[in-house]
Amino acid sequence: MANVTGGWNIPARPKVLVVGGGAREHALVWKLAQSPRRPVLYAAPGNPGMRAWAQTVEIGAGDVEALIRFAAREHIDLVVAGPELPLSLGLADMCSDAGIRVFGPTRAAAQVETSKAFAKDVMCRAGVPTARYEVFTDAEAAKRHVRACGAPIVVKADGLAAGKGVTVAKTVAEACAAIDDALVGGRFGEAGRRVVVESYLRGTEVSLMCFVDGETVLPMISARDHKRVFDGDEGPNTGGMGAFAPVPAFAAAGMEAVVVERIVRPTLRELAARGIRYQGVLYAGLMMTDDGPYVVEFNARFGDPEAEVVLPLLDGDLLEVLWATAEGRLADVAVAWRNAAAVCVVLAAPGYPEAPRVGSAITMPASLADLAAAEDGPASQVVVFHAGTREVAGQLVTAGGRVLTVTGIGRSLEAARSIAYGAAESIYFEGKHFRRDIGQTLSI
Ligand code: AMP
Ligand code: GLY
């Protein structure tokens, strides 16, 4: 259990506002709703799947002024930032200025995600293992560098590009095209006015998210995202097509502690040396290479879809953990994890990721919970988290590229997989597609 030992100041029935409207935020709301503190939950903008537990508020995640006004007016006790956009716009800073408790890093701290050049500079100064890199604003200079290095090589837009700003180029020509796209064609707008060119890392990927309160670091269990749209890691990168947790070999090797010591703590120390205190989730996207873990990217928030497999395995009260993080009191909290596994499968709209077609009716069996119980006994469960859905005259319809995230929880990864896929098959909307191989690559 997440167990608070110190004196505590969480009021009865605290009001919590979750910012965001995807499956990650649905998972946050779902887990918060299980808190024995019986929080009163709000979600902005939220989604139809959350309405059983949270009041949805029609404010976009990027409308930080309106979010602050709402939080002040409703006397919100804790604001929880889901996506990176509000963090990049200073939501956490504005909450603090307004005296509102917030879970999530300041705008300056969120630069570990919002500027790849910033993140690389911090890592290099901190001695954190990461791919060698150069930053360019001039296309010709970048292409000269690529020709000198050869392929494979990786080209990244500096700023936020919704997971689409990275090209892992197999050839020099492909890398040069990506450079022209960003620096000449302006494909990513402001976010692509600088590019990071970095060396290619060989290995398997693992995501490790940590709760950080400025001082104390509590790692969560590891997860693996599947970013490419098609089976076997083919096709373009997406926001994530599925995930599983934990990654057995990572946990067996005790890698959580290694990553905290070699990567997370040195990064936090370097940020502190720059006058930046980090509070919230620090997400390390890792490549497990022959030389150990290297950082591919940092995120300043829970991963999506990692949150949909990690949060269901948290054994205890998420509200206490988020509250303690916001208060700088994580040292008073013990976080434990269920001895179980989770697999999630993203059901995507036809045309995703390039041009998703939306507006199709979604049909779902009335009780997916029964399906899980039938497959793996009482320790198992299925939860359907909404992402791109909308309700039109009482009918659920598709409204985005990633429509639903179906999570199976079971005693083993195998059990969790079969629960997730059983449920994924049983949901229907026109043109639904999903990967069939989530949770099959277990090694590190
Ligand atoms: P990022 O948005 O930085 O996480 O990159 C998206 C994906 O591109 C990652 O999940 C990796 O699969 C891949 N990638 C990024 N950087 C590298 C690298 N240096 N070497 C190999 N693959 C990479
Ligand atoms: N799953 C990767 C991310 O959230 O950025």
# chains A, B, ... in the order shown; residues from 1 in each chain; ligands from 1
>>> select_by_dssp(residues="stretch 231-286 of chain A", states="strand (DSSP E or B)", output="JSON, numbers by chain")
{"A": [234, 235, 236, 237, 242, 243, 244, 245, 279, 280, 281, 282, 283, 284, 285, 286]}
>>> write_last_selection(atoms="C-alpha atoms", output="PDB file, in the first residue's frame")
ATOM      1  CA  GLU A 234       6.955  -1.297 -38.995  1.00  0.00           C
ATOM      2  CA  GLY A 235       5.423   1.889 -40.359  1.00  0.00           C
ATOM      3  CA  PRO A 236       5.468   5.455 -39.042  1.00  0.00           C
ATOM      4  CA  ASN A 237       5.807   6.470 -35.403  1.00  0.00           C
ATOM      5  CA  GLY A 242       0.112  -0.270 -26.843  1.00  0.00           C
ATOM      6  CA  ALA A 243       2.283  -1.061 -23.865  1.00  0.00           C
ATOM      7  CA  PHE A 244       2.957  -3.589 -21.168  1.00  0.00           C
ATOM      8  CA  ALA A 245       4.303  -3.532 -17.625  1.00  0.00           C
ATOM      9  CA  GLN A 279       8.479  18.099  -9.231  1.00  0.00           C
ATOM     10  CA  GLY A 280       6.069  15.644 -10.876  1.00  0.00           C
ATOM     11  CA  VAL A 281       6.798  12.648 -13.079  1.00  0.00           C
ATOM     12  CA  LEU A 282      10.182  12.388 -14.755  1.00  0.00           C
ATOM     13  CA  TYR A 283       9.837   9.885 -17.579  1.00  0.00           C
ATOM     14  CA  ALA A 284      13.058   8.361 -18.896  1.00  0.00           C
ATOM     15  CA  GLY A 285      12.728   6.803 -22.339  1.00  0.00           C
ATOM     16  CA  LEU A 286      15.649   4.380 -22.370  1.00  0.00           C
TER      17      LEU A 286
END
>>> residues_around(residues="A:Arg125", least_positions_apart="4", cutoff="10 Å", atoms="only C-alpha atoms", output="ChimeraX atom specification")
/A:120-121,266-267,270
>>> residues_around(residues="stretch 72-81 of chain A", least_positions_apart="4", cutoff="9 Å", atoms="only C-alpha atoms", output="PyMOL selection string")
chain A and resi 10-11+14-20+25+28+61+67-68+86-87+91-92+95+98-105+280+301+322-323+326
>>> residues_near_ligand(ligand="ligand 2", cutoff="10 Å", atoms="only C-alpha atoms and all ligand atoms", output="number ranges by chain")
A: 24, 83-84, 113, 162-163, 207, 223-227, 238-243, 283-285, 297-307
>>> residues_near_ligand(ligand="ligand 1", cutoff="6 Å", atoms="only C-alpha atoms and all ligand atoms", output="JSON, numbers by chain")
{"A": [131, 154, 163, 166, 168, 198, 199, 200, 201, 296, 297]}
>>> closest_residue(among="A:Thr56, A:Thr106, A:Ser412, A:Thr405", to="A:Ala387", atoms="only C-alpha atoms")
A:Thr405
>>> residues_around(residues="A:Ile276", least_positions_apart="4", cutoff="8 Å", atoms="only C-alpha atoms", output="JSON, numbers by chain")
{"A": [108, 109, 271, 272]}
>>> select_by_dssp(residues="stretch 224-270 of chain A", states="alpha helix (DSSP H)", output="MDAnalysis selection string")
chainID A and resid 248:252 255:259 265:270
>>> closest_residue(among="A:Ala117, A:Val146, A:Leu442, A:Val40", to="A:Phe250", atoms="only C-alpha atoms")
A:Leu442
>>> atom_distance(atom1="atom CA of A:Ser96", atom2="atom CA of A:Ala324")
15.4 Å
